[in-house]
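Source file: protein33.csv. Holds: CSV, C-alpha atoms.
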chain,number,residue,atom,x,y,z
P,4,MET,CA,-0.5,14.5,-21.0
P,5,ALA,CA,0.9,11.2,-19.7
P,6,PHE,CA,2.0,11.0,-16.1
P,7,PRO,CA,5.6,9.8,-15.6
P,8,SER,CA,4.6,7.5,-12.8
P,9,VAL,CA,1.6,6.2,-11.0
P,10,TYR,CA,2.9,8.0,-7.9
P,11,GLU,CA,2.6,11.4,-9.7
P,12,MET,CA,-1.0,10.7,-10.8
P,13,THR,CA,-2.1,11.4,-7.2
P,14,ASN,CA,0.8,13.1,-5.5
P,15,PRO,CA,3.5,15.6,-6.6
P,16,LEU,CA,7.0,14.4,-5.7
P,17,THR,CA,7.2,17.4,-3.3
P,18,THR,CA,4.6,15.6,-1.2
P,19,VAL,CA,5.7,12.5,0.7
P,20,ARG,CA,2.8,10.2,0.0
P,21,LYS,CA,1.1,8.6,2.9
P,22,GLN,CA,-0.1,5.0,2.9
P,23,HIS,CA,-2.3,4.4,-0.1
P,24,PHE,CA,-3.4,1.1,-1.5
P,25,TRP,CA,-5.9,-0.2,-4.1
P,26,GLU,CA,-7.2,-3.7,-5.0
P,27,TYR,CA,-9.0,-4.8,-8.1
P,28,PHE,CA,-10.0,-8.2,-6.9
P,29,SER,CA,-9.1,-9.8,-10.2
P,30,GLY,CA,-7.5,-13.2,-10.8
P,31,ALA,CA,-7.7,-16.9,-9.8
P,32,THR,CA,-7.7,-16.4,-6.0
P,33,LEU,CA,-8.0,-13.7,-3.4
P,34,ASN,CA,-4.7,-11.9,-2.9
P,35,SER,CA,-2.9,-12.9,0.3
P,36,ARG,CA,-3.0,-9.4,1.6
P,37,TRP,CA,-6.5,-10.3,2.8
P,38,THR,CA,-7.2,-12.5,5.7
P,39,ASP,CA,-10.4,-14.4,6.8
P,40,HIS,CA,-11.7,-13.2,10.1
P,41,GLY,CA,-15.1,-15.0,9.7
P,42,SER,CA,-16.7,-17.9,11.5
P,43,GLY,CA,-18.9,-20.8,10.4
P,44,ALA,CA,-17.0,-21.9,7.3
P,45,PRO,CA,-17.2,-18.6,5.3
P,46,THR,CA,-15.8,-18.5,1.8
P,47,TYR,CA,-14.0,-15.9,-0.3
P,48,VAL,CA,-14.1,-16.9,-4.0
P,49,MET,CA,-13.3,-15.0,-7.1
P,50,ASN,CA,-16.5,-14.6,-9.2
P,51,ASP,CA,-16.6,-16.2,-12.7
P,52,GLU,CA,-18.8,-13.3,-13.9
P,53,VAL,CA,-18.4,-10.0,-15.7
P,54,ASN,CA,-17.5,-7.4,-13.1
P,55,GLY,CA,-17.7,-10.2,-10.5
P,56,GLY,CA,-14.7,-9.4,-8.3
P,57,VAL,CA,-14.7,-11.5,-5.1
P,58,ARG,CA,-17.7,-13.0,-3.4
P,59,LEU,CA,-17.9,-13.3,0.4
P,60,THR,CA,-20.3,-16.0,1.6
P,61,SER,CA,-21.5,-16.6,5.1
P,62,SER,CA,-23.6,-19.6,6.1
P,63,GLY,CA,-25.9,-20.4,9.0
P,64,SER,CA,-25.3,-18.3,12.0
P,65,GLY,CA,-21.7,-17.6,10.9
P,66,TYR,CA,-20.2,-14.5,9.3
P,67,ALA,CA,-17.8,-13.8,6.5
P,68,THR,CA,-15.3,-11.0,7.2
P,69,MET,CA,-12.1,-10.2,5.5
P,70,GLY,CA,-9.5,-7.7,6.6
P,71,PHE,CA,-5.7,-7.3,7.0
P,72,ASN,CA,-5.2,-9.5,10.0
P,73,ASN,CA,-4.7,-6.5,12.2
P,74,LYS,CA,-2.0,-5.0,10.1
P,75,ARG,CA,-3.4,-1.4,10.3
P,76,PRO,CA,-1.5,1.2,8.3
P,77,PHE,CA,-4.5,3.6,8.1
P,78,ASP,CA,-5.8,6.2,10.5
P,79,VAL,CA,-9.5,5.4,10.9
P,80,GLY,CA,-10.4,9.0,11.5
P,81,GLN,CA,-8.2,10.6,8.9
P,82,CYS,CA,-8.4,8.6,5.7
P,83,THR,CA,-10.6,7.9,2.8
P,84,PHE,CA,-12.2,4.6,1.9
P,85,ILE,CA,-13.5,3.8,-1.6
P,86,GLY,CA,-15.1,0.5,-2.4
P,87,THR,CA,-17.6,-1.1,-4.7
P,88,PHE,CA,-20.3,-3.1,-3.0
P,89,ARG,CA,-23.2,-5.4,-3.9
P,90,ARG,CA,-25.3,-7.3,-1.4
P,91,ASN,CA,-27.3,-10.2,-2.8
P,92,SER,CA,-29.4,-11.7,0.0
P,93,ASP,CA,-32.8,-11.0,1.3
P,94,ASP,CA,-31.9,-11.3,5.0
P,95,GLN,CA,-28.5,-9.6,5.4
P,96,TYR,CA,-26.3,-7.4,7.4
P,97,ALA,CA,-23.4,-6.2,5.1
P,98,THR,CA,-20.7,-3.6,5.7
P,99,ALA,CA,-17.8,-2.0,4.0
P,100,GLY,CA,-15.3,0.5,5.5
P,101,LEU,CA,-12.5,0.9,8.1
P,102,ARG,CA,-12.3,-1.0,11.3
P,103,ASN,CA,-9.7,-1.3,14.1
P,104,ASN,CA,-10.8,-4.9,14.7
P,105,PRO,CA,-12.4,-6.8,11.9
P,106,VAL,CA,-14.9,-8.5,14.2
P,107,SER,CA,-15.7,-5.4,16.4
P,108,SER,CA,-17.7,-2.3,15.7
P,109,SER,CA,-15.5,-0.3,18.1
P,110,ASN,CA,-13.2,2.3,16.5
P,111,GLY,CA,-14.6,1.9,13.0
P,112,SER,CA,-16.1,3.9,10.2
P,113,TYR,CA,-18.2,2.0,7.7
P,114,MET,CA,-21.3,1.8,5.6
P,115,LEU,CA,-24.1,-0.6,6.5
P,116,MET,CA,-26.9,-2.2,4.5
P,117,ASP,CA,-29.1,-4.0,7.0
P,118,THR,CA,-32.4,-5.6,5.8
P,119,GLY,CA,-33.7,-5.0,9.3
P,120,ALA,CA,-33.7,-1.3,8.4
P,121,SER,CA,-35.0,0.6,5.4
P,122,ASN,CA,-32.1,2.9,4.6
P,123,ILE,CA,-28.3,2.8,4.2
P,124,GLN,CA,-26.4,3.8,7.3
P,125,LEU,CA,-23.0,5.2,8.2
P,126,LEU,CA,-21.7,3.8,11.5
P,127,ASN,CA,-18.7,5.3,13.2
P,128,ASN,CA,-17.3,4.7,16.6
P,129,ASN,CA,-14.4,5.9,18.9
P,130,GLY,CA,-15.4,3.7,21.7
P,131,SER,CA,-18.8,5.3,21.7
P,132,PRO,CA,-21.0,4.8,18.6
P,133,THR,CA,-22.7,7.1,16.2
P,134,THR,CA,-25.3,5.9,13.8
P,135,THR,CA,-26.2,8.1,10.8
P,136,VAL,CA,-29.2,7.0,8.8
P,137,THR,CA,-29.2,8.4,5.3
P,138,THR,CA,-32.3,8.9,3.2
P,139,THR,CA,-31.1,6.3,0.6
P,140,PRO,CA,-33.0,3.0,0.7
P,141,ILE,CA,-30.9,-0.2,0.8
P,142,HIS,CA,-30.8,-2.1,-2.4
P,143,LYS,CA,-29.0,-5.0,-4.3
P,144,ASN,CA,-27.3,-3.0,-7.0
P,145,TRP,CA,-23.6,-2.4,-7.4
P,146,THR,CA,-22.8,0.8,-5.7
P,147,THR,CA,-19.7,2.9,-5.1
P,148,VAL,CA,-19.1,3.7,-1.4
P,149,LYS,CA,-16.8,6.6,-0.5
P,150,ILE,CA,-16.2,7.4,3.2
P,151,GLU,CA,-14.1,10.5,3.9
P,152,ASN,CA,-13.0,10.5,7.4
P,153,ASP,CA,-11.7,13.9,8.4
P,154,ARG,CA,-11.1,14.1,12.1
P,155,ALA,CA,-9.3,17.5,11.6
P,156,ASN,CA,-12.5,19.0,10.4
P,157,THR,CA,-14.8,16.9,12.6
P,158,SER,CA,-16.7,15.2,9.9
P,159,ILE,CA,-17.2,11.8,8.2
P,160,LYS,CA,-18.9,12.0,4.9
P,161,LEU,CA,-20.6,9.1,3.1
P,162,SER,CA,-21.0,9.4,-0.6
P,163,LEU,CA,-22.9,6.8,-2.7
P,164,ASP,CA,-22.2,6.6,-6.4
P,165,GLY,CA,-20.4,9.9,-6.4
P,166,VAL,CA,-23.0,11.9,-4.5
P,167,LEU,CA,-22.8,12.9,-0.9
P,168,ALA,CA,-25.6,11.0,0.7
P,169,SER,CA,-28.5,13.0,2.1
P,170,ASN,CA,-28.1,12.8,5.9
P,171,GLY,CA,-24.8,11.1,5.2
P,172,THR,CA,-22.5,13.2,7.4
P,173,SER,CA,-21.4,12.3,11.0
P,174,THR,CA,-19.7,14.8,13.3
P,175,THR,CA,-19.3,12.9,16.5
P,176,ASN,CA,-17.3,10.0,17.9
P,177,ILE,CA,-14.6,10.1,15.2
P,178,SER,CA,-11.9,7.5,16.0
P,179,SER,CA,-8.2,8.1,16.4
P,180,ALA,CA,-7.4,4.4,16.2
P,181,VAL,CA,-5.3,2.6,13.6
P,182,GLY,CA,-7.4,0.7,11.0
P,183,GLN,CA,-7.7,-1.7,8.1
P,184,PRO,CA,-10.3,-2.1,5.3
P,185,VAL,CA,-13.0,-4.6,6.2
P,186,PHE,CA,-15.8,-6.2,4.2
P,187,ALA,CA,-18.4,-8.2,6.2
P,188,THR,CA,-21.6,-10.1,5.6
P,189,LEU,CA,-24.0,-12.2,7.8
P,190,TYR,CA,-27.6,-12.7,8.3
P,191,SER,CA,-29.8,-10.0,9.8
P,192,SER,CA,-32.7,-11.7,11.5
P,193,SER,CA,-32.7,-15.4,10.7
P,194,ALA,CA,-29.6,-17.6,10.2
P,195,GLY,CA,-28.9,-18.4,6.6
P,196,THR,CA,-26.5,-18.0,3.7
P,197,THR,CA,-25.6,-14.4,2.6
P,198,THR,CA,-23.3,-13.1,-0.1
P,199,LEU,CA,-21.5,-9.8,-0.7
P,200,ASP,CA,-19.5,-8.9,-3.8
P,201,THR,CA,-16.8,-6.3,-4.3
P,202,ASN,CA,-14.5,-5.6,-7.3
P,203,TYR,CA,-12.6,-2.6,-6.0
P,204,CYS,CA,-11.2,-1.2,-2.7
P,205,GLU,CA,-8.9,1.8,-2.2
P,206,VAL,CA,-7.8,3.4,1.1
P,207,TYR,CA,-5.5,6.3,1.7
P,208,ASN,CA,-4.4,8.4,4.6
P,209,THR,CA,-5.1,12.1,4.3
L,10,MET,CA,-11.4,12.8,-18.7
L,11,THR,CA,-9.7,9.6,-19.4
L,12,LYS,CA,-10.9,6.5,-17.5
L,13,SER,CA,-7.8,4.5,-18.3
L,14,ILE,CA,-4.7,4.2,-16.1
L,15,TYR,CA,-2.9,3.1,-19.3
L,16,ASP,CA,-3.8,6.3,-21.0
L,17,GLN,CA,-2.6,8.4,-18.1
L,18,LEU,CA,0.8,6.8,-18.1
L,19,ASN,CA,1.4,6.3,-21.8
L,20,ALA,CA,1.2,8.8,-24.7
L,21,SER,CA,-1.2,7.9,-27.4
L,22,GLY,CA,0.3,5.3,-29.8
L,23,THR,CA,3.0,4.1,-27.5
L,24,VAL,CA,3.3,0.6,-26.1
L,25,ALA,CA,3.6,0.4,-22.4
L,26,LYS,CA,6.9,-0.8,-21.0
L,27,GLN,CA,7.4,-2.9,-17.8
L,28,ARG,CA,6.1,-1.3,-14.7
L,29,VAL,CA,5.5,-2.5,-11.1
L,30,VAL,CA,3.6,-0.7,-8.4
L,31,GLU,CA,3.8,-2.0,-4.8
L,32,THR,CA,1.7,-0.3,-2.1
L,33,PHE,CA,2.8,-2.5,0.8
L,34,SER,CA,-0.6,-2.8,2.4
L,35,GLY,CA,-2.2,-5.8,3.9
L,36,ASP,CA,-1.7,-8.9,6.0
L,37,ALA,CA,1.5,-10.1,4.3
L,38,VAL,CA,4.1,-9.3,1.7
L,39,ASP,CA,3.0,-10.5,-1.7
L,40,THR,CA,5.2,-13.6,-2.1
L,41,ASP,CA,3.9,-14.1,-5.6
L,42,ARG,CA,5.9,-11.0,-6.4
L,43,TRP,CA,8.6,-10.7,-3.8
L,44,GLY,CA,11.2,-13.5,-3.1
L,45,SER,CA,12.3,-14.6,0.3
L,46,ILE,CA,14.5,-12.3,2.2
L,47,VAL,CA,18.2,-13.0,1.5
L,48,GLN,CA,20.6,-13.0,4.5
L,49,ILE,CA,23.8,-11.3,3.4
L,50,THR,CA,25.5,-11.1,6.8
L,51,GLY,CA,24.2,-13.0,9.8
L,52,SER,CA,20.7,-14.5,10.1
L,53,SER,CA,18.5,-11.9,11.7
L,54,GLY,CA,17.1,-10.4,8.5
L,55,ALA,CA,13.3,-10.3,8.5
L,56,VAL,CA,10.5,-8.9,6.5
L,57,ALA,CA,7.0,-8.1,8.0
L,58,MET,CA,4.1,-5.7,7.5
L,59,ASN,CA,3.9,-3.0,10.1
L,60,ASP,CA,0.8,-2.6,12.3
L,61,SER,CA,1.0,1.2,12.4
L,62,VAL,CA,-0.3,4.2,10.5
L,63,ASP,CA,1.8,4.6,7.4
L,64,GLY,CA,3.8,1.6,8.4
L,65,GLY,CA,4.2,-0.2,5.1
L,66,VAL,CA,6.7,-3.1,5.1
L,67,LYS,CA,9.7,-3.4,7.4
L,68,VAL,CA,12.9,-5.0,6.3
L,69,SER,CA,14.9,-5.4,9.5
L,70,THR,CA,18.2,-6.7,10.7
L,71,GLY,CA,19.8,-7.1,14.0
L,72,ALA,CA,23.2,-5.7,15.0
L,73,ASN,CA,25.9,-6.2,12.5
L,74,ASP,CA,23.6,-8.0,10.0
L,75,GLU,CA,22.4,-7.1,6.5
L,76,ALA,CA,19.6,-8.4,4.3
L,77,ILE,CA,17.9,-7.7,1.1
L,78,LEU,CA,14.4,-8.2,-0.4
L,79,ALA,CA,14.0,-8.4,-4.1
L,80,PHE,CA,12.4,-10.4,-7.0
L,81,ASP,CA,14.5,-13.6,-6.8
L,82,ASP,CA,16.6,-12.4,-9.7
L,83,ILE,CA,13.7,-12.0,-12.2
L,84,ARG,CA,15.1,-8.8,-13.8
L,85,GLN,CA,12.8,-6.9,-16.2
L,86,PHE,CA,14.1,-3.4,-15.9
L,87,ASN,CA,16.5,-1.8,-18.4
L,88,HIS,CA,19.7,-0.3,-16.9
L,89,LEU,CA,19.8,2.0,-19.9
L,90,ALA,CA,16.4,3.5,-19.4
L,91,CYS,CA,14.4,3.0,-16.2
L,92,GLY,CA,13.5,4.6,-12.9
L,93,PHE,CA,11.9,4.2,-9.5
L,94,VAL,CA,9.8,6.1,-7.1
L,95,ALA,CA,9.9,5.1,-3.4
L,96,VAL,CA,8.6,6.3,-0.1
L,97,THR,CA,11.0,4.9,2.5
L,98,ARG,CA,12.9,5.7,5.6
L,99,THR,CA,15.5,4.3,8.0
L,100,THR,CA,14.4,3.5,11.5
L,101,THR,CA,16.9,3.0,14.2
L,102,SER,CA,17.9,4.3,17.6
L,103,ASN,CA,21.1,5.6,16.0
L,104,ILE,CA,21.1,6.7,12.4
L,105,ALA,CA,24.8,6.3,12.2
L,106,GLN,CA,24.2,2.6,12.7
L,107,GLY,CA,21.4,1.8,10.3
L,108,GLN,CA,21.5,1.9,6.5
L,109,ASN,CA,18.6,1.8,3.9
L,110,ARG,CA,19.3,1.4,0.2
L,111,THR,CA,16.2,1.1,-1.9
L,112,GLY,CA,16.1,1.1,-5.7
L,113,ILE,CA,16.9,-1.2,-8.6
L,114,LYS,CA,19.8,-3.8,-8.7
L,115,TYR,CA,21.1,-6.7,-10.7
L,116,ASP,CA,21.9,-9.2,-8.1
L,117,ASN,CA,19.7,-10.3,-5.2
L,118,ASP,CA,22.7,-10.3,-2.9
L,119,GLY,CA,25.2,-8.1,-1.1
L,120,THR,CA,27.1,-7.0,-4.1
L,121,PHE,CA,27.1,-3.2,-3.9
L,122,ASN,CA,30.6,-1.9,-4.3
L,123,ALA,CA,31.1,-3.7,-7.6
L,124,GLY,CA,27.4,-4.5,-8.3
L,125,ASP,CA,25.0,-3.1,-10.9
L,126,LEU,CA,22.5,-0.8,-9.3
L,127,ILE,CA,20.9,2.6,-8.8
L,128,SER,CA,19.4,3.4,-5.4
L,129,MET,CA,18.9,6.0,-2.6
L,130,GLU,CA,21.0,5.6,0.4
L,131,CYS,CA,20.3,6.8,3.9
L,132,GLY,CA,22.2,6.2,7.1
L,133,TYR,CA,25.3,4.6,8.5
L,134,SER,CA,28.7,6.1,7.9
L,135,ASN,CA,27.4,8.5,5.2
L,136,SER,CA,26.1,11.6,6.9
L,137,SER,CA,24.1,12.7,3.8
L,138,ILE,CA,21.3,11.1,2.0
L,139,SER,CA,22.8,10.0,-1.3
L,140,LEU,CA,22.4,8.5,-4.8
L,141,PHE,CA,24.3,5.3,-5.0
L,142,THR,CA,25.2,3.8,-8.3
L,143,GLY,CA,27.4,0.9,-9.1
L,144,SER,CA,28.8,-1.4,-11.8
L,145,ALA,CA,31.5,-4.0,-12.0
L,146,SER,CA,34.1,-1.2,-12.3
L,147,GLY,CA,33.1,0.3,-8.9
L,148,PHE,CA,30.5,2.4,-7.1
L,149,GLU,CA,29.7,6.1,-6.9
L,150,ARG,CA,28.1,7.8,-3.9
L,151,THR,CA,26.7,11.2,-4.9
L,152,THR,CA,25.6,13.2,-1.8
L,153,SER,CA,22.6,15.4,-1.6
L,154,SER,CA,22.0,18.5,0.6
L,155,LEU,CA,19.9,16.5,3.0
L,156,THR,CA,21.4,15.1,6.2
L,157,ARG,CA,20.6,11.5,7.0
L,158,ASP,CA,17.5,11.2,9.2
L,159,THR,CA,14.7,8.8,10.1
L,160,SER,CA,11.9,10.5,8.2
L,161,TYR,CA,10.0,9.3,5.2
L,162,HIS,CA,11.1,11.0,2.0
L,163,SER,CA,9.9,10.6,-1.6
L,164,TYR,CA,12.7,9.4,-3.8
L,165,LYS,CA,12.7,9.3,-7.6
L,166,GLY,CA,15.7,7.8,-9.4
L,167,LEU,CA,16.1,7.9,-13.1
L,168,ILE,CA,18.8,6.4,-15.3
L,169,ASN,CA,19.7,6.5,-19.0
L,170,ASN,CA,22.8,5.5,-20.9
L,171,SER,CA,24.8,8.5,-19.8
L,172,SER,CA,23.6,9.7,-16.3
L,173,ALA,CA,21.6,8.9,-13.2
L,174,THR,CA,19.6,11.4,-11.1
L,175,LEU,CA,17.9,11.3,-7.7
L,176,THR,CA,15.1,13.7,-6.8
L,177,ILE,CA,14.3,13.8,-3.1
L,178,ASP,CA,10.9,15.3,-2.0
L,179,GLY,CA,10.5,16.8,-5.5
L,180,VAL,CA,13.9,18.5,-5.6
L,181,LEU,CA,16.6,17.3,-8.0
L,182,GLU,CA,19.5,16.6,-5.6
L,183,CYS,CA,22.0,14.3,-7.2
L,184,THR,CA,23.3,13.7,-10.7
L,185,THR,CA,26.1,11.4,-11.7
L,186,SER,CA,27.6,9.8,-14.8
L,187,THR,CA,30.0,7.6,-13.0
L,188,HIS,CA,29.7,3.8,-12.4
L,189,LEU,CA,26.3,3.4,-14.1
L,190,PRO,CA,25.0,-0.1,-14.1
L,191,THR,CA,25.5,-2.3,-17.1
L,192,LYS,CA,23.0,-5.1,-16.6
L,193,LYS,CA,19.2,-5.7,-16.4
L,194,MET,CA,17.8,-5.1,-12.9
L,195,GLN,CA,15.1,-5.9,-10.3
L,196,PRO,CA,13.5,-3.8,-7.5
L,197,PHE,CA,15.1,-4.2,-4.1
L,198,ILE,CA,15.0,-3.0,-0.5
L,199,TYR,CA,18.2,-3.5,1.5
L,200,ASN,CA,18.9,-2.9,5.2
L,201,ALA,CA,22.2,-3.1,7.1
L,202,SER,CA,22.9,-2.6,10.8
L,203,GLY,CA,26.0,-1.5,12.7
L,204,SER,CA,26.1,-1.9,16.4
L,205,VAL,CA,22.4,-1.5,16.9
L,206,ALA,CA,19.4,-3.0,15.1
L,207,SER,CA,17.7,-1.0,12.3
L,208,SER,CA,15.0,-1.3,9.6
L,209,ALA,CA,14.1,0.0,6.2
L,210,GLU,CA,10.4,0.9,6.2
L,211,THR,CA,8.8,1.4,2.9
L,212,THR,CA,5.2,2.3,2.0
L,213,TYR,CA,5.5,2.6,-1.8
L,214,LEU,CA,7.8,1.4,-4.5
L,215,GLU,CA,7.3,1.8,-8.2
L,216,VAL,CA,9.8,0.8,-10.9
L,217,PHE,CA,9.4,1.4,-14.6
L,218,ASN,CA,11.2,1.3,-17.9
L,219,THR,CA,11.3,4.5,-19.8

The structure in this file should be written as structure tokens.
Amino acid sequence: MAFPSVYEMTNPLTTVRKQHFWEYFSGATLNSRWTDHGSGAPTYVMNDEVNGGVRLTSSGSGYATMGFNNKRPFDVGQCTFIGTFRRNSDDQYATAGLRNNPVSSSNGSYMLMDTGASNIQLLNNNGSPTTTVTTTPIHKNWTTVKIENDRANTSIKLSLDGVLASNGTSTTNISSAVGQPVFATLYSSSAGTTTLDTNYCEVYNT
Amino acid sequence: MTKSIYDQLNASGTVAKQRVVETFSGDAVDTDRWGSIVQITGSSGAVAMNDSVDGGVKVSTGANDEAILAFDDIRQFNHLACGFVAVTRTTTSNIAQGQNRTGIKYDNDGTFNAGDLISMECGYSNSSISLFTGSASGFERTTSSLTRDTSYHSYKGLINNSSATLTIDGVLECTTSTHLPTKKMQPFIYNASGSVASSAETTYLEVFNT
């Protein structure tokens, strides 16, 4: 059966749809909905590569971070984030998820791959931080990240490639702040170039 | 389960027709898609992304002004067979002084009473949310059972060669066969203010040929 509209693929008309966006990161340049919040001459370049998406590159002691320039239509604690993610560097701190401020960890909910740690982490914060360490080792493969923020039911669930991560649920310090999707990469222990790729991002309030 | 958006929107063997989906999320309005805001009356018309949950885009005007946001007269939608889905609202301190019309229209200007269009209408002198259709021969306002308000609603408008309908929040509310548009059309968001400032806030707009 064909849907009559894209709207009705995810919502019946009887439901007034909340803010919902998706981005394929395809084309000559990064869409202007995204803004550079980085430092140290970061770059955001579309990859000339199959499934390449966009590549964020940080250099030296700087960082590459892209968000919505503090236009925040999402409820950090009551929305779902889906993004594809690939980190490429040996010494790297790379994140994907929701943040109130693109350059602050406060009032966020995001996935972290840090080469200074063994496993993938879920970080959330409402002014006070919670770090949830999954049992999944960090890696350099493409992975689908899904973060279901559900303040109403006091949980944040991190799924990786369609499976709820083992030890991937947080139940404390869930934010009530407004938020925006943010991807970020920088070095972990020694200043140097890092890159992070993504070819899909979707966020919707629930 | 199909993996294709195309296949979920088009029956097998059919060629997809023109469609645009705008989610109004991000730092700025996509100016590759949307034209500059057109001042119809006054000069206070503005367009900006909202920094608020479910904020979308805001088309605003100061007192006694009106403005429209559209596709700079690139018109790819068929007045004989097309539709729109919008989530939009009117924001103002006095609903009797703010008016939001969102839908599909021929001219990127203030031609409504003798213009070619189909849209929702909420606010100002009309106490009911309505379907608004127009052509060179005049306009038709078909009222729904919903009183004008400042809440978001889902609107689905459909038009063919004999009638136009408006479904609000999933309920078919308005049907007309009068003053149907006769020219190709483009998506638009229009806001007008009476004695106080007002805005049309929209989180979603989809337009498609059928």

**Message:** Residues of chain L were defined as contacting chain P if any atom lay at most 9 Å from it, counting all atoms listed in the file; please report them as a PyMOL selection string.
**Reply:** chain L and resi 14-21+30-40+58-65+93-96+161-165+176-180+212-217+219

Could the residues in this selection be saved with C-alpha atoms as a PDB file, in the coordinates of the input?
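Contents of the output file part.pdb:
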ATOM      1  CA  ILE L  14      -4.700   4.200 -16.100  1.00  0.00           C
ATOM      2  CA  TYR L  15      -2.900   3.100 -19.300  1.00  0.00           C
ATOM      3  CA  ASP L  16      -3.800   6.300 -21.000  1.00  0.00           C
ATOM      4  CA  GLN L  17      -2.600   8.400 -18.100  1.00  0.00           C
ATOM      5  CA  LEU L  18       0.800   6.800 -18.100  1.00  0.00           C
ATOM      6  CA  ASN L  19       1.400   6.300 -21.800  1.00  0.00           C
ATOM      7  CA  ALA L  20       1.200   8.800 -24.700  1.00  0.00           C
ATOM      8  CA  SER L  21      -1.200   7.900 -27.400  1.00  0.00           C
ATOM      9  CA  VAL L  30       3.600  -0.700  -8.400  1.00  0.00           C
ATOM     10  CA  GLU L  31       3.800  -2.000  -4.800  1.00  0.00           C
ATOM     11  CA  THR L  32       1.700  -0.300  -2.100  1.00  0.00           C
ATOM     12  CA  PHE L  33       2.800  -2.500   0.800  1.00  0.00           C
ATOM     13  CA  SER L  34      -0.600  -2.800   2.400  1.00  0.00           C
ATOM     14  CA  GLY L  35      -2.200  -5.800   3.900  1.00  0.00           C
ATOM     15  CA  ASP L  36      -1.700  -8.900   6.000  1.00  0.00           C
ATOM     16  CA  ALA L  37       1.500 -10.100   4.300  1.00  0.00           C
ATOM     17  CA  VAL L  38       4.100  -9.300   1.700  1.00  0.00           C
ATOM     18  CA  ASP L  39       3.000 -10.500  -1.700  1.00  0.00           C
ATOM     19  CA  THR L  40       5.200 -13.600  -2.100  1.00  0.00           C
ATOM     20  CA  MET L  58       4.100  -5.700   7.500  1.00  0.00           C
ATOM     21  CA  ASN L  59       3.900  -3.000  10.100  1.00  0.00           C
ATOM     22  CA  ASP L  60       0.800  -2.600  12.300  1.00  0.00           C
ATOM     23  CA  SER L  61       1.000   1.200  12.400  1.00  0.00           C
ATOM     24  CA  VAL L  62      -0.300   4.200  10.500  1.00  0.00           C
ATOM     25  CA  ASP L  63       1.800   4.600   7.400  1.00  0.00           C
ATOM     26  CA  GLY L  64       3.800   1.600   8.400  1.00  0.00           C
ATOM     27  CA  GLY L  65       4.200  -0.200   5.100  1.00  0.00           C
ATOM     28  CA  PHE L  93      11.900   4.200  -9.500  1.00  0.00           C
ATOM     29  CA  VAL L  94       9.800   6.100  -7.100  1.00  0.00           C
ATOM     30  CA  ALA L  95       9.900   5.100  -3.400  1.00  0.00           C
ATOM     31  CA  VAL L  96       8.600   6.300  -0.100  1.00  0.00           C
ATOM     32  CA  TYR L 161      10.000   9.300   5.200  1.00  0.00           C
ATOM     33  CA  HIS L 162      11.100  11.000   2.000  1.00  0.00           C
ATOM     34  CA  SER L 163       9.900  10.600  -1.600  1.00  0.00           C
ATOM     35  CA  TYR L 164      12.700   9.400  -3.800  1.00  0.00           C
ATOM     36  CA  LYS L 165      12.700   9.300  -7.600  1.00  0.00           C
ATOM     37  CA  THR L 176      15.100  13.700  -6.800  1.00  0.00           C
ATOM     38  CA  ILE L 177      14.300  13.800  -3.100  1.00  0.00           C
ATOM     39  CA  ASP L 178      10.900  15.300  -2.000  1.00  0.00           C
ATOM     40  CA  GLY L 179      10.500  16.800  -5.500  1.00  0.00           C
ATOM     41  CA  VAL L 180      13.900  18.500  -5.600  1.00  0.00           C
ATOM     42  CA  THR L 212       5.200   2.300   2.000  1.00  0.00           C
ATOM     43  CA  TYR L 213       5.500   2.600  -1.800  1.00  0.00           C
ATOM     44  CA  LEU L 214       7.800   1.400  -4.500  1.00  0.00           C
ATOM     45  CA  GLU L 215       7.300   1.800  -8.200  1.00  0.00           C
ATOM     46  CA  VAL L 216       9.800   0.800 -10.900  1.00  0.00           C
ATOM     47  CA  PHE L 217       9.400   1.400 -14.600  1.00  0.00           C
ATOM     48  CA  THR L 219      11.300   4.500 -19.800  1.00  0.00           C
TER      49      THR L 219
END

**Asked** Please, what distance in Å, to one decimal, runs between atom CA of Thr198 of chain P and atom CA of Tyr66 of chain P?
**Response** 10.0 Å

**Gap from atom CA of Asp81 of chain L to atom CA of Trp43 of chain L - Å, one decimal** =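 Separation between atom CA of Asp81 of chain L and atom CA of Trp43 of chain L: 7.2 Å.
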
**Request:** Could you tell me how far atom CA of Tyr203 of chain P lies from atom CA of Gly119 of chain P, in Å and to one decimal?
**Result:**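 Calculated distance between atom CA of Tyr203 of chain P and atom CA of Gly119 of chain P is 26.2 Å.
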
**Item:** Spatial neighbours of Asn152 of chain P, max dist 8 Å, all atoms listed in the file, sep filter under 6 positions, as a ChimeraX atom specification
**Value:** /P:79-83,112,158-160,177

If you count all atoms listed in the file, which residues fall within 10 Å of Asp94 of chain P, apart from same-chain ones fewer than 3 positions away, as a short mmCIF file (atom, residue, chain, number, x, y, z; two decimals) with C-alpha atoms, keeping the file's coordinate frame?
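In the end it all went to out_18.cif:
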data_model
loop_
_atom_site.label_atom_id
_atom_site.label_comp_id
_atom_site.auth_asym_id
_atom_site.auth_seq_id
_atom_site.Cartn_x
_atom_site.Cartn_y
_atom_site.Cartn_z
CA ASN P 91 -27.30 -10.20 -2.80
CA ALA P 97 -23.40 -6.20 5.10
CA ASP P 117 -29.10 -4.00 7.00
CA THR P 118 -32.40 -5.60 5.80
CA GLY P 119 -33.70 -5.00 9.30
CA LEU P 189 -24.00 -12.20 7.80
CA TYR P 190 -27.60 -12.70 8.30
CA SER P 191 -29.80 -10.00 9.80
CA SER P 192 -32.70 -11.70 11.50
CA SER P 193 -32.70 -15.40 10.70
CA ALA P 194 -29.60 -17.60 10.20
CA GLY P 195 -28.90 -18.40 6.60
CA THR P 196 -26.50 -18.00 3.70
CA THR P 197 -25.60 -14.40 2.60
#
